[in-house]
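Okay, coords_22.txt now, which holds compact mmCIF, C-alpha atoms:
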```
# COMPACT_ATOMS: atom_id res chain seq x y z
CA MET H 1 99.97 183.09 44.90
CA SER H 2 101.47 181.97 48.20
CA ASP H 3 103.73 185.03 48.32
CA PHE H 4 100.72 187.35 47.96
CA ASN H 5 100.18 189.31 51.14
CA PRO H 6 96.68 190.75 51.09
CA LYS H 7 95.89 194.19 52.41
CA ILE H 8 92.96 193.98 54.77
CA VAL H 9 91.30 197.03 56.27
CA ALA H 10 89.27 196.50 59.42
CA PHE H 11 86.57 199.03 60.30
CA VAL H 12 85.81 198.49 63.97
CA CYS H 13 83.83 200.21 66.68
CA ASN H 14 85.58 201.83 69.60
CA TRP H 15 83.64 200.11 72.35
CA CYS H 16 83.66 196.42 71.52
CA THR H 17 85.83 195.24 68.67
CA TYR H 18 88.63 197.77 69.15
CA ALA H 19 88.78 196.83 72.82
CA GLY H 20 88.59 193.18 71.79
CA ALA H 21 91.53 193.64 69.43
CA ASP H 22 93.37 195.40 72.23
CA LEU H 23 92.75 192.38 74.43
CA THR H 24 94.21 190.14 71.72
CA GLY H 25 97.39 192.16 71.95
CA THR H 26 97.59 192.39 75.72
CA SER H 27 96.94 188.65 75.87
CA ARG H 28 100.00 188.21 73.63
CA MET H 29 98.04 186.35 70.99
CA LYS H 30 99.63 186.50 67.56
CA TYR H 31 97.55 187.26 64.53
CA SER H 32 98.02 188.13 60.90
CA PRO H 33 99.85 191.42 60.33
CA GLN H 34 97.92 191.94 57.06
CA VAL H 35 95.19 193.88 58.82
CA SER H 36 95.07 197.66 59.34
CA ILE H 37 92.56 198.65 61.96
CA ILE H 38 90.54 201.85 61.68
CA ARG H 39 88.65 202.82 64.81
CA PHE H 40 85.18 204.34 64.66
CA PRO H 41 82.93 205.58 67.43
CA CYS H 42 80.30 203.02 66.44
CA THR H 43 79.45 200.65 63.59
CA GLY H 44 76.57 203.03 62.90
CA ARG H 45 79.21 205.51 61.70
CA ILE H 46 80.68 203.11 59.15
CA ASP H 47 79.28 204.50 55.91
CA PHE H 48 79.28 202.21 52.88
CA MET H 49 81.33 204.84 51.04
CA LEU H 50 84.22 204.20 53.43
CA LEU H 51 84.25 200.57 52.38
CA LEU H 52 84.33 201.56 48.72
CA LYS H 53 87.17 203.98 49.42
CA ALA H 54 89.15 201.20 51.10
CA PHE H 55 88.80 199.05 47.99
CA ALA H 56 89.62 202.01 45.76
CA ASN H 57 92.82 202.59 47.74
CA GLY H 58 94.06 199.07 47.36
CA ALA H 59 92.39 196.93 50.01
CA ASP H 60 91.98 193.30 48.95
CA GLY H 61 89.61 192.55 51.79
CA ILE H 62 87.62 194.35 54.44
CA ILE H 63 86.52 193.42 57.94
CA VAL H 64 83.66 195.33 59.52
CA SER H 65 83.09 194.54 63.15
CA GLY H 66 81.34 195.94 66.17
CA CYS H 67 79.37 195.14 69.28
CA HIS H 68 77.04 192.17 69.39
CA PRO H 69 73.32 192.98 69.02
CA ASN H 70 71.94 194.52 72.24
CA ASP H 71 75.47 195.45 73.38
CA CYS H 72 75.88 198.70 71.45
CA HIS H 73 77.30 201.53 73.56
CA TYR H 74 74.72 203.80 71.91
CA SER H 75 72.05 201.08 72.19
CA SER H 76 71.10 200.82 68.52
CA GLY H 77 74.02 201.83 66.28
CA ASN H 78 74.86 198.25 65.40
CA PHE H 79 71.23 197.45 64.53
CA HIS H 80 71.15 200.36 62.10
CA ALA H 81 74.51 199.31 60.69
CA ARG H 82 73.27 195.76 60.20
CA ARG H 83 70.39 196.98 58.01
CA ARG H 84 72.82 199.01 55.94
CA TRP H 85 75.11 196.00 55.49
CA ILE H 86 72.23 193.75 54.44
CA VAL H 87 71.23 196.17 51.67
CA PHE H 88 74.80 197.09 50.71
CA ARG H 89 75.88 193.45 50.42
CA GLY H 90 72.94 192.69 48.16
CA LEU H 91 73.78 195.67 45.94
CA LEU H 92 77.48 194.75 45.65
CA ASP H 93 76.54 191.21 44.73
CA PHE H 94 74.07 192.44 42.10
CA LEU H 95 76.85 194.61 40.63
CA GLY H 96 79.15 191.61 40.37
CA ILE H 97 81.45 192.61 43.23
CA ASP H 98 82.54 189.58 45.24
CA VAL H 99 80.99 190.02 48.69
CA ARG H 100 83.33 187.36 50.10
CA ARG H 101 85.86 190.17 50.28
CA VAL H 102 83.85 191.91 52.99
CA GLN H 103 83.60 190.04 56.28
CA PHE H 104 81.11 191.33 58.83
CA SER H 105 81.30 190.18 62.41
CA TRP H 106 80.46 190.92 66.01
CA VAL H 107 83.47 190.88 68.33
CA SER H 108 82.99 191.96 71.93
CA ALA H 109 85.61 193.50 74.21
CA ALA H 110 86.05 190.10 75.85
CA GLU H 111 86.58 188.20 72.61
CA GLY H 112 90.29 188.72 71.99
CA ALA H 113 90.64 185.15 70.79
CA LYS H 114 87.73 185.55 68.38
CA TRP H 115 89.36 188.63 66.90
CA ALA H 116 92.64 186.80 66.30
CA GLN H 117 90.79 183.92 64.70
CA LEU H 118 88.65 186.25 62.59
CA VAL H 119 91.65 188.14 61.24
CA ASN H 120 93.66 184.98 60.57
CA GLU H 121 90.84 183.24 58.79
CA THR H 122 89.91 186.32 56.77
CA ALA H 123 93.56 186.79 55.77
CA GLU H 124 93.74 183.18 54.57
CA HIS H 125 90.46 183.56 52.78
CA ILE H 126 91.52 186.73 50.97
CA ARG H 127 94.90 185.20 50.19
CA ALA H 128 93.08 182.37 48.46
CA LEU H 129 90.86 184.82 46.54
CA GLY H 130 93.96 186.69 45.33
CA PRO H 131 94.48 190.41 44.76
CA PHE H 132 91.32 192.44 44.13
CA SER H 133 92.72 193.47 40.78
CA GLY H 134 89.30 193.73 39.14
CA TYR H 135 88.40 196.65 41.37
CA GLN H 136 91.85 198.19 41.56
CA ARG H 137 92.04 198.22 37.78
CA LEU H 138 89.12 200.68 37.74
CA ARG H 139 91.38 203.28 39.33
CA GLY H 140 93.59 203.45 36.28
CA GLN H 141 90.77 204.08 33.85
CA GLY H 142 90.11 207.58 32.65
CA VAL H 143 91.47 210.73 34.22
CA GLY H 144 91.77 210.56 37.86
CA MET Z 145 41.23 214.12 28.88
CA GLU Z 146 38.27 216.51 28.92
CA ALA Z 147 37.61 215.57 32.55
CA LEU Z 148 41.15 216.63 33.39
CA ARG Z 149 40.92 219.91 31.51
CA SER Z 150 37.59 220.90 33.03
CA LYS Z 151 38.83 220.01 36.50
CA ALA Z 152 41.91 222.18 35.96
CA ARG Z 153 39.74 225.06 34.67
CA GLU Z 154 37.47 224.78 37.68
CA LEU Z 155 40.36 224.73 40.17
CA LEU Z 156 42.12 227.71 38.60
CA ALA Z 157 38.98 229.76 38.04
CA GLY Z 158 37.84 229.16 41.61
CA LYS Z 159 41.35 229.97 42.88
CA THR Z 160 41.42 226.66 44.77
CA VAL Z 161 44.97 226.28 43.48
CA GLN Z 162 47.39 228.72 41.89
CA VAL Z 163 49.04 226.28 39.50
CA VAL Z 164 48.15 222.99 37.85
CA ILE Z 165 51.17 220.83 37.14
CA GLY Z 166 50.32 218.42 34.35
CA TYR Z 167 51.37 217.11 30.98
CA GLY Z 168 51.26 219.05 27.74
CA PRO Z 169 52.38 218.31 24.21
CA GLY Z 170 56.16 217.99 23.98
CA SER Z 171 58.61 217.54 21.16
CA GLY Z 172 58.92 214.35 19.13
CA GLY Z 173 55.39 213.19 19.87
CA GLY Z 174 56.10 212.96 23.60
CA ALA Z 175 54.63 214.77 26.56
CA ARG Z 176 56.31 217.37 28.73
CA ALA Z 177 55.50 218.98 32.03
CA VAL Z 178 53.37 222.13 31.89
CA PHE Z 179 52.63 224.61 34.64
CA ILE Z 180 49.21 226.13 34.07
CA ARG Z 181 48.34 229.26 36.01
CA GLU Z 182 45.28 230.51 34.14
CA ALA Z 183 42.03 228.70 33.48
CA ALA Z 184 42.13 229.66 29.80
CA GLN Z 185 45.31 227.65 29.30
CA ALA Z 186 43.88 224.41 30.65
CA ASP Z 187 43.16 223.14 27.15
CA ILE Z 188 46.80 222.30 26.53
CA LEU Z 189 46.62 219.54 29.15
CA VAL Z 190 46.98 216.06 27.71
CA PHE Z 191 47.05 212.60 29.19
CA ASP Z 192 48.00 209.43 27.35
CA GLY Z 193 50.54 206.61 27.43
CA THR Z 194 53.45 208.98 26.79
CA CYS Z 195 52.80 210.79 30.07
CA GLN Z 196 55.26 208.84 32.18
CA GLN Z 197 57.34 211.48 33.92
CA ASN Z 198 56.89 211.58 37.66
CA LEU Z 199 55.65 215.16 38.08
CA ALA Z 200 56.11 215.01 41.84
CA VAL Z 201 59.75 215.91 41.16
CA TYR Z 202 58.64 219.54 40.77
CA LEU Z 203 57.05 219.70 44.22
CA MET Z 204 60.49 220.01 45.79
CA LYS Z 205 61.74 222.80 43.51
CA PRO Z 206 61.76 226.18 45.27
CA GLU Z 207 60.76 228.01 42.08
CA VAL Z 208 57.67 225.81 41.76
CA ARG Z 209 56.81 226.09 45.44
CA LYS Z 210 56.84 229.87 45.04
CA LEU Z 211 53.94 229.62 42.58
CA GLY Z 212 51.57 228.78 45.44
CA LYS Z 213 49.26 225.87 46.06
CA ALA Z 214 49.57 223.29 43.31
CA ALA Z 215 47.29 220.68 41.81
CA LEU Z 216 49.41 217.83 40.52
CA VAL Z 217 48.39 215.38 37.80
CA ALA Z 218 49.65 212.15 39.32
CA THR Z 219 50.32 208.71 37.92
CA PRO Z 220 50.54 205.84 40.45
CA PRO Z 221 54.31 206.27 41.08
CA ALA Z 222 53.76 210.01 41.63
CA LEU Z 223 51.06 209.23 44.21
CA ARG Z 224 53.52 207.09 46.14
CA THR Z 225 56.26 209.70 45.76
CA ILE Z 226 54.02 212.28 47.42
CA LEU Z 227 53.35 209.95 50.35
CA GLN Z 228 57.06 209.20 50.64
CA LEU Z 229 57.91 212.92 50.61
CA ALA Z 230 55.26 213.41 53.30
CA ALA Z 231 56.77 210.60 55.37
CA GLU Z 232 60.12 212.40 55.08
CA ASN Z 233 58.48 215.63 56.31
CA GLN Z 234 58.95 217.39 52.99
CA LEU Z 235 55.30 218.05 52.14
CA THR Z 236 52.05 218.93 53.86
CA ASP Z 237 48.68 218.25 52.32
CA ALA Z 238 47.61 221.88 52.76
CA ALA Z 239 50.04 222.89 50.00
CA LEU Z 240 48.82 220.37 47.49
CA LEU Z 241 45.84 218.92 45.69
CA VAL Z 242 46.55 215.61 44.01
CA LEU Z 243 44.68 214.75 40.83
CA ALA Z 244 44.94 210.99 40.43
CA VAL Z 245 44.24 210.06 36.82
CA SER Z 246 43.12 206.66 35.54
CA PRO Z 247 45.42 205.11 32.88
CA SER Z 248 42.98 206.21 30.15
CA GLY Z 249 42.98 209.77 31.43
CA ASN Z 250 39.19 209.85 31.36
CA GLU Z 251 38.73 209.75 35.08
CA VAL Z 252 40.17 212.25 37.56
CA VAL Z 253 40.05 211.65 41.30
CA PRO Z 254 40.90 214.72 43.40
CA LEU Z 255 42.68 213.73 46.62
CA ALA Z 256 42.92 216.65 49.01
CA THR Z 257 44.34 214.92 52.07
CA PHE Z 258 47.09 212.43 52.72
CA ALA Z 259 44.49 210.11 54.25
CA ALA Z 260 42.57 210.06 50.96
CA LEU Z 261 45.83 209.53 49.10
CA GLU Z 262 46.75 206.59 51.33
CA ALA Z 263 43.39 204.95 50.74
CA HIS Z 264 43.74 205.45 46.98
CA VAL Z 265 47.29 204.06 46.92
CA ALA Z 266 46.39 201.08 49.09
CA ALA Z 267 43.93 199.92 46.43
CA LEU Z 268 46.59 199.87 43.69
CA ASP Z 269 48.78 196.94 42.72
CA HIS Z 270 52.42 197.54 43.70
CA GLY Z 271 54.23 194.35 42.73
CA LEU Z 272 56.47 194.18 39.68
CA GLY Z 273 54.76 193.16 36.45
CA ALA Z 274 55.69 189.81 34.91
CA ALA Z 275 57.97 191.35 32.25
CA ASP Z 276 59.77 193.57 34.78
CA LYS Z 277 60.24 190.65 37.14
CA ALA Z 278 61.67 188.53 34.34
CA GLU Z 279 64.06 191.35 33.35
CA LEU Z 280 65.37 191.69 36.90
CA GLU Z 281 65.74 187.94 37.30
CA THR Z 282 67.65 187.66 34.02
CA TYR Z 283 70.34 190.01 35.32
CA ALA Z 284 70.38 188.56 38.81
CA ALA Z 285 70.86 185.06 37.36
CA LEU Z 286 74.06 185.95 35.46
CA SER Z 287 77.31 184.70 36.95
CA LEU Z 288 79.23 187.06 39.25
CA GLU Z 289 81.79 187.75 36.52
CA ARG Z 290 79.10 188.41 33.90
CA ARG Z 291 77.32 190.78 36.26
CA ARG Z 292 80.56 192.66 36.86
CA GLN Z 293 81.21 192.90 33.12
CA PHE Z 294 77.66 194.02 32.45
CA TRP Z 295 77.72 196.85 34.97
CA GLU Z 296 81.27 197.87 34.15
CA GLU Z 297 80.22 198.28 30.52
CA GLN Z 298 77.08 200.18 31.54
CA PHE Z 299 78.88 202.51 33.94
CA SER Z 300 81.71 203.10 31.47
CA ARG Z 301 79.17 205.12 29.44
CA CYS Z 302 78.13 207.25 32.43
CA LEU Z 303 78.87 210.93 31.82
CA LYS Z 304 78.28 212.04 35.39
CA CYS Z 305 75.67 214.45 34.09
CA TYR Z 306 73.54 213.62 37.15
CA ALA Z 307 70.36 213.67 35.08
CA CYS Z 308 69.29 210.63 37.13
CA ARG Z 309 69.58 212.77 40.22
CA ALA Z 310 67.77 215.75 38.70
CA ALA Z 311 64.92 213.55 37.46
CA CYS Z 312 64.49 211.77 40.77
CA PRO Z 313 61.78 213.27 42.99
CA LEU Z 314 63.43 211.75 46.06
CA CYS Z 315 66.94 213.11 45.34
CA TYR Z 316 66.09 216.47 46.81
CA CYS Z 317 69.07 217.26 49.06
CA THR Z 318 70.12 220.83 48.40
CA ARG Z 319 73.71 219.80 48.94
CA CYS Z 320 74.45 216.36 47.58
CA THR Z 321 77.45 214.24 48.62
CA VAL Z 322 78.59 214.64 45.03
CA GLU Z 323 79.15 218.35 45.61
CA CYS Z 324 81.06 217.64 48.80
CA ASN Z 325 84.81 218.06 48.24
CA GLN Z 326 86.16 217.99 51.79
CA PRO Z 327 86.63 215.06 51.34
CA GLN Z 328 85.89 214.46 47.69
CA TRP Z 329 83.66 211.40 48.05
CA ILE Z 330 82.84 211.06 44.38
CA PRO Z 331 85.61 211.92 41.92
CA VAL Z 332 84.58 214.69 39.53
CA PRO Z 333 85.76 213.18 36.23
CA ALA Z 334 83.69 210.43 34.64
CA HIS Z 335 86.09 207.50 35.05
CA ASP Z 336 85.10 203.94 35.80
CA LEU Z 337 85.83 204.02 39.51
CA GLY Z 338 83.99 207.26 40.19
CA ASN Z 339 81.09 206.17 38.00
CA LEU Z 340 80.72 202.98 40.01
CA GLU Z 341 80.94 204.89 43.28
CA TRP Z 342 78.36 207.42 42.17
CA ASN Z 343 75.91 204.77 41.05
CA VAL Z 344 76.36 202.70 44.21
CA MET Z 345 75.81 205.83 46.28
CA ARG Z 346 72.73 206.87 44.33
CA ALA Z 347 71.18 203.43 44.74
CA MET Z 348 72.07 203.22 48.45
CA HIS Z 349 70.67 206.66 49.23
CA LEU Z 350 67.39 205.61 47.60
CA ALA Z 351 67.21 202.25 49.36
CA GLY Z 352 63.90 201.94 51.15
CA ARG Z 353 62.75 205.25 49.60
CA CYS Z 354 62.54 204.71 45.83
CA VAL Z 355 59.01 204.16 44.54
CA ASP Z 356 60.16 202.72 41.18
CA CYS Z 357 58.84 205.46 38.89
CA GLY Z 358 61.69 204.72 36.48
CA ASP Z 359 62.50 208.36 35.74
CA CYS Z 360 66.23 207.80 36.39
CA SER Z 361 66.44 205.32 33.52
CA ARG Z 362 64.29 207.50 31.28
CA ALA Z 363 66.45 210.54 32.03
CA CYS Z 364 69.78 208.78 31.45
CA PRO Z 365 71.17 210.07 28.13
CA VAL Z 366 73.31 206.97 27.64
CA GLY Z 367 70.64 204.42 28.55
CA ILE Z 368 72.03 202.89 31.74
CA PRO Z 369 69.25 200.70 33.23
CA LEU Z 370 69.38 202.39 36.64
CA HIS Z 371 65.91 201.14 37.51
CA LEU Z 372 67.37 197.65 37.84
CA LEU Z 373 69.50 198.77 40.79
CA ASN Z 374 66.51 200.42 42.43
CA ARG Z 375 64.31 197.39 41.87
CA LYS Z 376 66.96 195.11 43.29
CA LEU Z 377 67.00 197.17 46.49
CA ILE Z 378 63.22 197.58 46.61
CA GLY Z 379 62.98 193.78 46.45
CA ALA Z 380 65.62 193.36 49.16
CA VAL Z 381 64.01 195.90 51.48
CA PHE Z 382 60.63 194.26 51.01
CA ALA Z 383 61.94 190.71 51.47
CA ASP Z 384 64.22 191.42 54.43
CA PHE Z 385 62.40 194.22 56.24
CA ASP Z 386 58.83 193.75 55.00
CA PHE Z 387 58.76 197.40 54.02
CA ARG Z 388 57.41 199.26 51.00
CA SER Z 389 58.04 202.97 50.51
CA GLY Z 390 55.39 205.56 49.70
CA MET Z 391 52.43 203.78 51.26
CA ALA Z 392 51.78 206.09 54.21
CA ALA Z 393 52.28 209.76 55.02
CA LYS Z 394 53.51 208.89 58.49
CA ALA Z 395 56.07 206.12 58.24
CA ASP Z 396 59.58 205.36 59.41
CA ASN Z 397 62.33 205.17 56.87
CA ALA Z 398 63.40 201.56 56.27
CA MET Z 399 67.08 202.44 56.58
CA SER Z 400 66.82 204.49 59.75
CA THR Z 401 64.88 201.93 61.72
CA PHE Z 402 65.58 198.31 62.54
CA LYS Z 403 64.12 195.15 63.95
CA PRO Z 404 66.08 193.19 66.54
CA ASN Z 405 65.64 190.08 64.40
CA ASP Z 406 66.84 191.48 61.06
CA PRO Z 407 68.57 188.66 59.13
CA GLU Z 408 72.25 188.31 60.00
CA ASP Z 409 73.29 184.93 58.63
CA PHE Z 410 76.26 186.64 56.89
CA ILE Z 411 77.71 188.07 60.14
CA ARG Z 412 80.26 186.01 62.03
```
Would you mind writing the structure in this file as structure tokens?
Amino acid sequence: MSDFNPKIVAFVCNWCTYAGADLTGTSRMKYSPQVSIIRFPCTGRIDFMLLLKAFANGADGIIVSGCHPNDCHYSSGNFHARRRWIVFRGLLDFLGIDVRRVQFSWVSAAEGAKWAQLVNETAEHIRALGPFSGYQRLRGQGVG
Amino acid sequence: MEALRSKARELLAGKTVQVVIGYGPGSGGGARAVFIREAAQADILVFDGTCQQNLAVYLMKPEVRKLGKAALVATPPALRTILQLAAENQLTDAALLVLAVSPSGNEVVPLATFAALEAHVAALDHGLGAADKAELETYAALSLERRRQFWEEQFSRCLKCYACRAACPLCYCTRCTVECNQPQWIPVPAHDLGNLEWNVMRAMHLAGRCVDCGDCSRACPVGIPLHLLNRKLIGAVFADFDFRSGMAAKADNAMSTFKPNDPEDFIR
């Protein structure tokens, strides 16, 4: 399992976490290359279907991150997103989908170090969980 | 039952409403929806334990709306559906007269305004019954792997007929995400991945809106217990946001509002 390199997709907001990840880079901090970052205008735009599509297309883990509460560029996008995540997480769990594969976090534009740590720890975590073969197997079933 | 028929006769004869939407005799000993437009036909109305369909589903159909002002025979879930549709700005009380029937069918309470409907609904019991609660807890208590197996087996039978959507009074979008093909969110063929995605989407789009009438499960031709998903989310929305759908004609939607202190122990 040690040679398994997980694919992690990070859905981040433009204003906080993307800038935070940018700071990680400009600060020359190294972090796991397993993550592919997708930039969104706001966490409020991150529909649960996008997360499902990431899993369907081979992601082993997902990071969803945006501005801390009260720091949203659009004042309430992250609050709305948080409600959606609460409900969505509960539904995934009820359906027997391991919610440990989706890591939610708040990373501000000043938290470059937090971003590096978040990605590294999530990568280790997903590495330990192994490939998300249970979900990826669904792709092969039936006509597609 | 006679109370219901005479009320319908009176409403149609007096032209208070143009159509009475109620239950009539259906095939196989069941009941089906009937649309009565003349007082003389009111005698086909029935009401008994087989009358479970949520008739509020018809209130959103353009062909039914064209018939004019309707009187709707409403079971408790239908009453809440009407309030939820009102809260979503889909109904006004001028277009509707609600006939709330007691479980025996002997008593008919006409509710002409949303205020009267709210008062009536507030007096009803909305929690899950003991058997329903036990059913939900049985599934929730299975191990993660057993839950996955259970739902994978259930969804593998899904035909993507979308009967659950057609039966649901709150699935009223004229253009559903399912019909959207740029991008194709939900794959057209009925394979396991698309079936899971469709059912997750259906449940999520009803979160904080579903009134637990159970018509999705009753409509499903392959017997997928869809009501379990809805009940899971109804429970979560009530526990986490202290919100119950279909209780007031003017209410925010649980999923388009927030509280600053919503639980976030899972967020790093």
Chain Z residues within 10 Å of chain H, counting all atoms listed in the file: which ones, as a PyMOL selection string? chain Z and resi 283-296+300+329-342+344-345+347-348+351-352+372-374+376-378+380-381+384-385+398-412
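Separating CA of Asp3 (chain H) from CA of Ile37 (chain H) is a distance of 22.3 Å.
Closest approach to Ile8 (chain H) among H:Gln117, H:Ser75, H:Ser133, H:Thr122: H:Thr122, based on only C-alpha atoms.
Distance-wise, CA of Gly166 (chain Z) and CA of Asp396 (chain Z) end up 29.7 Å apart.
Once region 148-151 of chain Z and its same-chain neighbours fewer than 4 positions away are set aside, Leu155, Ala186, Asp187, Leu189 and Val252 of chain Z remain within 7 Å of it when counting all atoms listed in the file.
Among the candidates Z:Arg375, Z:Gly367, Z:Gln185, Z:Asn325, the one nearest to Ala278 (chain Z) when counting all atoms listed in the file is Z:Arg375.
Counting from CA of Tyr167 (chain Z), the distance to CA of Leu261 (chain Z) is 20.4 Å.
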Do a neighbour search on Ala238 (chain Z) at 8 Å with all atoms listed in the file, toss out local chain neighbours closer than 2 positions, and write the hits as a ChimeraX atom specification. /Z:213,236,240-241,256-257
Would you output that residue set with C-alpha atoms, as a CSV table (one decimal), in the frame of the given file?
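part.csv, written as the output of this step:
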```
chain,number,residue,atom,x,y,z
Z,213,LYS,CA,49.3,225.9,46.1
Z,236,THR,CA,52.0,218.9,53.9
Z,240,LEU,CA,48.8,220.4,47.5
Z,241,LEU,CA,45.8,218.9,45.7
Z,256,ALA,CA,42.9,216.6,49.0
Z,257,THR,CA,44.3,214.9,52.1
```
For the point (104.3, 188.1, 49.9) in the file's frame, write as JSON, numbers by chain all residues with an atom no more than 12 Å away, counting all atoms listed in the file. {"H": [1, 2, 3, 4, 5, 6, 7, 33, 34, 127, 130, 131]}
Around region 364-372 of chain Z, with edges along x, y and z and 3 Å added on all six sides, what centre and edge lengths do you get, in Å to one decimal, as JSON?
```
{"center_x": 69.6, "center_y": 203.9, "center_z": 32.7, "size_x": 13.4, "size_y": 18.4, "size_z": 16.2}
```
Leaving out region 14-27 of chain H and any residue of its chain fewer than 5 positions from it, which residues lie within 9 Å of it when counting only C-alpha atoms, given as a PyMOL selection string? chain H and resi 37-43+65-68+71-73+106-116
